[in-house]
Amino acid sequence: MTDTTLNGQIASQPREGVLVRLSQTMVAFSERWFPDAYIFVLLATVAVALAAIVHGGSPVAVSSAFGEGFWSIIPFTMQMALVAIGGYIVALSPPVAALMRRAAAVPTTGRGAVVFVGVVSILLSLVNWGVSLIFSGLLVREIARRKDIRLDYRAAGAAGYLGLGFGFTLGISSSAAQLQANPASIPPSLMPITGVISFYETILTWQNLLVIVVGTVLSAAICYYTTPSDAAAKTAADLGVDLTDAKVEQKPTRPGDYLEFSPILTILIVVLAAGWFYETFKSGNPLITMSGLNTYNFVFLLVGALLHWRPRSFLVSFSQAMPSVAGVLLQFPFYGGIAYMLTRVKASGVSLSDTIAHWFVSLASDTSVFSFIVGIYSAVLGFFIPSAGGKWIIEAPYIMKAANEIGAHLGWTVMVYNIAETLPNFINPFWMLPLLGVLKLKSKDLIGYTSMQFFIHFPVVMLLAVALMHTFTYRAPVIP
């Protein structure tokens, strides 16, 4: 093909839309000026400490609260890390990889493939966000290998991220809903304010199902109408992405390796756990049973071990998953310290959390206004602190205290938070990093598309969340 022909094709390609160009400007700004998320949590820690002192707390009391709270959510930190690891392990297992290859043959057009990836990403995220992120990335790579359709690799990659921008906080891997359903995970400072809130009050409501349906249909439509035509599509080859996977031979090289490559121990462990599995799930709703974080993680680890079959394969996938939880392990303890500074340092019997809660109540004339304020606040804070579970530890004390005072349903307040706080993931690439590693792309390649999702999603789902608050009746905290 001649240069003249190439130039003609480039010239004929449609110009990017206004929102896409705006998002690229935002990405360029973020890449140049935004520090690592760890810096944001340090800034938040310092800001809350100073605010607690200005509020009337003594520096010694603030320091003591920070130190005492730093380790207060270690069990929850470990649980959240294992949620991600369990998802990765399952997504990287050979049977799931085989399923993924069959799924890659379903779409018949490039644009249809993007929609298909987006819907799969959302549905998987309702079960486990780690599975959603990795499976979707591998699915995009597998579809991109097809020769019979022309896939825009950037649009498909962005579709694979939909579960993290909209979806995972509405399913059983929701950090906030999981924490509130587990008495052992709720920080002592939060328990008197919220009590225990079961899944029946949060993710298992018909209102949440409605939000999921509306959001999924909306996401699919955005995927369809923002995907370039075949003529303008940029394939993996156009972007210089190598789609060949490195082959790792896994064979024992010494007698001591035998058990690592044999399924014997895996079978014995699964048989050992079978009794526990039966006793745990023999009665009641399995989704409610899975609301226990320890149960949820144990099930995913057992399923992962069984799917990998041989310990060596399981160990390799576990090692590959570890980088994805570095931010959780490092940052979550700081959130525990922040929560204690908000709730334990008091001046004249009033904590900083109390004061912020009163501010929320003073601005909110009714539950609708309150829901809207909570949504906007959570979304803005979510851009700077992209951690659903950790951020909930910070917000919950004063948001839920305000909800009690104004009479807003506690379970749906959690869901308003869930709906709003995850949307900034569309324009903040923090959780995008594992997906980018699978796709071998940069954030700027995807955020042009994910920003479109953000700008359209935000007003629609926020108005829906606010309207649905009227379908609930306030119930006082249930404290075990």
# chains A, B, ... in the order shown; residues from 1 in each chain; ligands from 1
$ residues_around --residues "Val217 (chain A)" --least-positions-apart "3" --cutoff "12 Å" --atoms "only C-alpha atoms" --output "ChimeraX atom specification"
/A:115-116,118-119,122-123,162,166-167,210-214,220-224,453,457,460-461
$ write_last_selection --atoms "N, CA and C atoms" --output "PDB file, in the first residue's frame"
ATOM      1  N   VAL A 115     -19.578  -4.512  22.572  1.00  0.00           N
ATOM      2  CA  VAL A 115     -20.764  -4.581  23.431  1.00  0.00           C
ATOM      3  C   VAL A 115     -20.745  -5.874  24.250  1.00  0.00           C
ATOM      4  N   PHE A 116     -20.396  -6.977  23.603  1.00  0.00           N
ATOM      5  CA  PHE A 116     -20.345  -8.282  24.268  1.00  0.00           C
ATOM      6  C   PHE A 116     -19.346  -8.269  25.422  1.00  0.00           C
ATOM      7  N   GLY A 118     -18.297  -5.686  27.099  1.00  0.00           N
ATOM      8  CA  GLY A 118     -18.786  -4.794  28.144  1.00  0.00           C
ATOM      9  C   GLY A 118     -19.819  -5.455  29.040  1.00  0.00           C
ATOM     10  N   VAL A 119     -20.768  -6.164  28.438  1.00  0.00           N
ATOM     11  CA  VAL A 119     -21.812  -6.838  29.218  1.00  0.00           C
ATOM     12  C   VAL A 119     -21.196  -7.963  30.062  1.00  0.00           C
ATOM     13  N   ILE A 122     -19.443  -6.496  33.147  1.00  0.00           N
ATOM     14  CA  ILE A 122     -20.364  -6.071  34.204  1.00  0.00           C
ATOM     15  C   ILE A 122     -20.925  -7.273  34.949  1.00  0.00           C
ATOM     16  N   LEU A 123     -21.380  -8.279  34.206  1.00  0.00           N
ATOM     17  CA  LEU A 123     -21.993  -9.451  34.845  1.00  0.00           C
ATOM     18  C   LEU A 123     -20.993 -10.192  35.737  1.00  0.00           C
ATOM     19  N   LEU A 162     -15.628  -1.981  32.210  1.00  0.00           N
ATOM     20  CA  LEU A 162     -16.931  -1.512  32.660  1.00  0.00           C
ATOM     21  C   LEU A 162     -17.306  -2.061  34.037  1.00  0.00           C
ATOM     22  N   PHE A 166     -18.764   0.454  36.606  1.00  0.00           N
ATOM     23  CA  PHE A 166     -20.155   0.259  36.985  1.00  0.00           C
ATOM     24  C   PHE A 166     -20.394  -1.242  37.111  1.00  0.00           C
ATOM     25  N   GLY A 167     -20.756  -1.694  38.287  1.00  0.00           N
ATOM     26  CA  GLY A 167     -21.058  -3.109  38.423  1.00  0.00           C
ATOM     27  C   GLY A 167     -20.604  -3.731  39.721  1.00  0.00           C
ATOM     28  N   LEU A 210     -32.870  -3.125  39.612  1.00  0.00           N
ATOM     29  CA  LEU A 210     -33.283  -2.145  38.601  1.00  0.00           C
ATOM     30  C   LEU A 210     -32.100  -1.289  38.161  1.00  0.00           C
ATOM     31  N   VAL A 211     -31.295  -0.839  39.121  1.00  0.00           N
ATOM     32  CA  VAL A 211     -30.113  -0.037  38.784  1.00  0.00           C
ATOM     33  C   VAL A 211     -29.156  -0.843  37.904  1.00  0.00           C
ATOM     34  N   ILE A 212     -28.968  -2.123  38.229  1.00  0.00           N
ATOM     35  CA  ILE A 212     -28.071  -2.977  37.441  1.00  0.00           C
ATOM     36  C   ILE A 212     -28.569  -3.097  36.009  1.00  0.00           C
ATOM     37  N   VAL A 213     -29.866  -3.345  35.839  1.00  0.00           N
ATOM     38  CA  VAL A 213     -30.432  -3.509  34.494  1.00  0.00           C
ATOM     39  C   VAL A 213     -30.302  -2.221  33.693  1.00  0.00           C
ATOM     40  N   VAL A 214     -30.715  -1.110  34.285  1.00  0.00           N
ATOM     41  CA  VAL A 214     -30.639   0.174  33.578  1.00  0.00           C
ATOM     42  C   VAL A 214     -29.194   0.514  33.232  1.00  0.00           C
ATOM     43  N   ALA A 220     -24.083  -0.771  27.479  1.00  0.00           N
ATOM     44  CA  ALA A 220     -24.030  -1.444  26.183  1.00  0.00           C
ATOM     45  C   ALA A 220     -24.312  -0.469  25.053  1.00  0.00           C
ATOM     46  N   ALA A 221     -25.280   0.423  25.261  1.00  0.00           N
ATOM     47  CA  ALA A 221     -25.605   1.409  24.221  1.00  0.00           C
ATOM     48  C   ALA A 221     -24.439   2.364  23.984  1.00  0.00           C
ATOM     49  N   ILE A 222     -23.805   2.794  25.058  1.00  0.00           N
ATOM     50  CA  ILE A 222     -22.646   3.692  24.908  1.00  0.00           C
ATOM     51  C   ILE A 222     -21.519   2.984  24.172  1.00  0.00           C
ATOM     52  N   CYS A 223     -21.276   1.725  24.523  1.00  0.00           N
ATOM     53  CA  CYS A 223     -20.254   0.941  23.818  1.00  0.00           C
ATOM     54  C   CYS A 223     -20.545   0.898  22.325  1.00  0.00           C
ATOM     55  N   TYR A 224     -21.808   0.636  21.995  1.00  0.00           N
ATOM     56  CA  TYR A 224     -22.181   0.477  20.582  1.00  0.00           C
ATOM     57  C   TYR A 224     -21.972   1.772  19.795  1.00  0.00           C
ATOM     58  N   GLN A 453     -18.429   6.917  29.140  1.00  0.00           N
ATOM     59  CA  GLN A 453     -19.279   6.179  30.066  1.00  0.00           C
ATOM     60  C   GLN A 453     -19.562   7.018  31.311  1.00  0.00           C
ATOM     61  N   HIS A 457     -23.257   8.130  32.281  1.00  0.00           N
ATOM     62  CA  HIS A 457     -23.739   7.344  33.420  1.00  0.00           C
ATOM     63  C   HIS A 457     -24.102   8.224  34.608  1.00  0.00           C
ATOM     64  N   VAL A 460     -27.610   9.863  34.974  1.00  0.00           N
ATOM     65  CA  VAL A 460     -28.697   8.889  34.874  1.00  0.00           C
ATOM     66  C   VAL A 460     -28.799   8.046  36.147  1.00  0.00           C
ATOM     67  N   VAL A 461     -27.693   7.421  36.540  1.00  0.00           N
ATOM     68  CA  VAL A 461     -27.765   6.519  37.696  1.00  0.00           C
ATOM     69  C   VAL A 461     -27.925   7.284  39.007  1.00  0.00           C
TER      70      VAL A 461
END
$ closest_residue --among "A:Gly57, A:Gly130, A:Pro94, A:Pro188" --to "Trp431 (chain A)" --atoms "only C-alpha atoms"
A:Gly130
$ residues_around --residues "Tyr377 (chain A)" --least-positions-apart "3" --cutoff "10 Å" --atoms "only C-alpha atoms" --output "list in words"
Ser371, Phe372, Ile373, Val374, Val380, Leu381, Gly382, Glu395, Tyr417, Ala420 and Glu421 of chain A
$ residues_around --residues "Ala347 (chain A)" --least-positions-apart "6" --cutoff "10 Å" --atoms "only C-alpha atoms" --output "list of chain:residue names"
A:Ala52, A:Ile53, A:Val54, A:His55, A:Gly56, A:Gly57, A:Ser58
$ write_last_selection --atoms "C-alpha atoms" --output "PDB file, in the first residue's frame"
ATOM      1  CA  ALA A  52      -9.366  17.077  64.163  1.00  0.00           C
ATOM      2  CA  ILE A  53      -6.928  19.451  65.900  1.00  0.00           C
ATOM      3  CA  VAL A  54      -8.690  22.560  64.534  1.00  0.00           C
ATOM      4  CA  HIS A  55     -11.963  20.995  65.674  1.00  0.00           C
ATOM      5  CA  GLY A  56     -10.624  21.092  69.241  1.00  0.00           C
ATOM      6  CA  GLY A  57      -8.815  17.792  69.733  1.00  0.00           C
ATOM      7  CA  SER A  58      -5.394  17.787  71.336  1.00  0.00           C
TER       8      SER A  58
END
$ atom_distance --atom1 "CA of Ala396 (chain A)" --atom2 "CA of Ser132 (chain A)"
26.7 Å
$ residues_around --residues "Lys440 (chain A)" --least-positions-apart "5" --cutoff "12 Å" --atoms "only C-alpha atoms" --output "number ranges by chain"
A: 137-138, 140-141, 153-154, 157, 236-237, 239-245, 432-435, 445-446
$ select_by_dssp --residues "region 278-458 of chain A" --states "strand (DSSP E or B)" --output "mmCIF file with C-alpha atoms, in the first residue's frame"
data_model
loop_
_atom_site.group_PDB
_atom_site.id
_atom_site.type_symbol
_atom_site.label_atom_id
_atom_site.label_comp_id
_atom_site.auth_asym_id
_atom_site.auth_seq_id
_atom_site.Cartn_x
_atom_site.Cartn_y
_atom_site.Cartn_z
ATOM 1 C CA LYS A 346 -13.713 14.638 70.707
ATOM 2 C CA ALA A 347 -14.006 18.259 71.766
ATOM 3 C CA VAL A 350 -18.421 16.015 69.828
ATOM 4 C CA SER A 351 -16.206 14.292 67.268
#
$ atom_distance --atom1 "CA of Arg312 (chain A)" --atom2 "CA of Phe261 (chain A)"
5.9 Å
$ residues_around --residues "Arg101 (chain A)" --least-positions-apart "2" --cutoff "12 Å" --atoms "only C-alpha atoms" --output "MDAnalysis selection string"
chainID A and resid 94:99 103:107 135:136 138:146
$ closest_residue --among "A:Ile419, A:Gly411, A:His308, A:Ala156" --to "Thr235 (chain A)" --atoms "only C-alpha atoms"
A:Ala156
$ select_by_dssp --residues "region 11-174 of chain A" --states "alpha helix (DSSP H)" --output "NGL selection string"
:A and (11-12 or 18-33 or 37-54 or 59-70 or 74-91 or 94-103 or 110-125 or 129-144 or 153-159 or 162-165)
$ residues_around --residues "Asp366 (chain A)" --least-positions-apart "2" --cutoff "12 Å" --atoms "only C-alpha atoms" --output "ChimeraX atom specification"
/A:360-364,368-373,402-403,405-409,466-467,469-470
$ atom_distance --atom1 "CA of Gly284 (chain A)" --atom2 "CA of Ile89 (chain A)"
27.5 Å
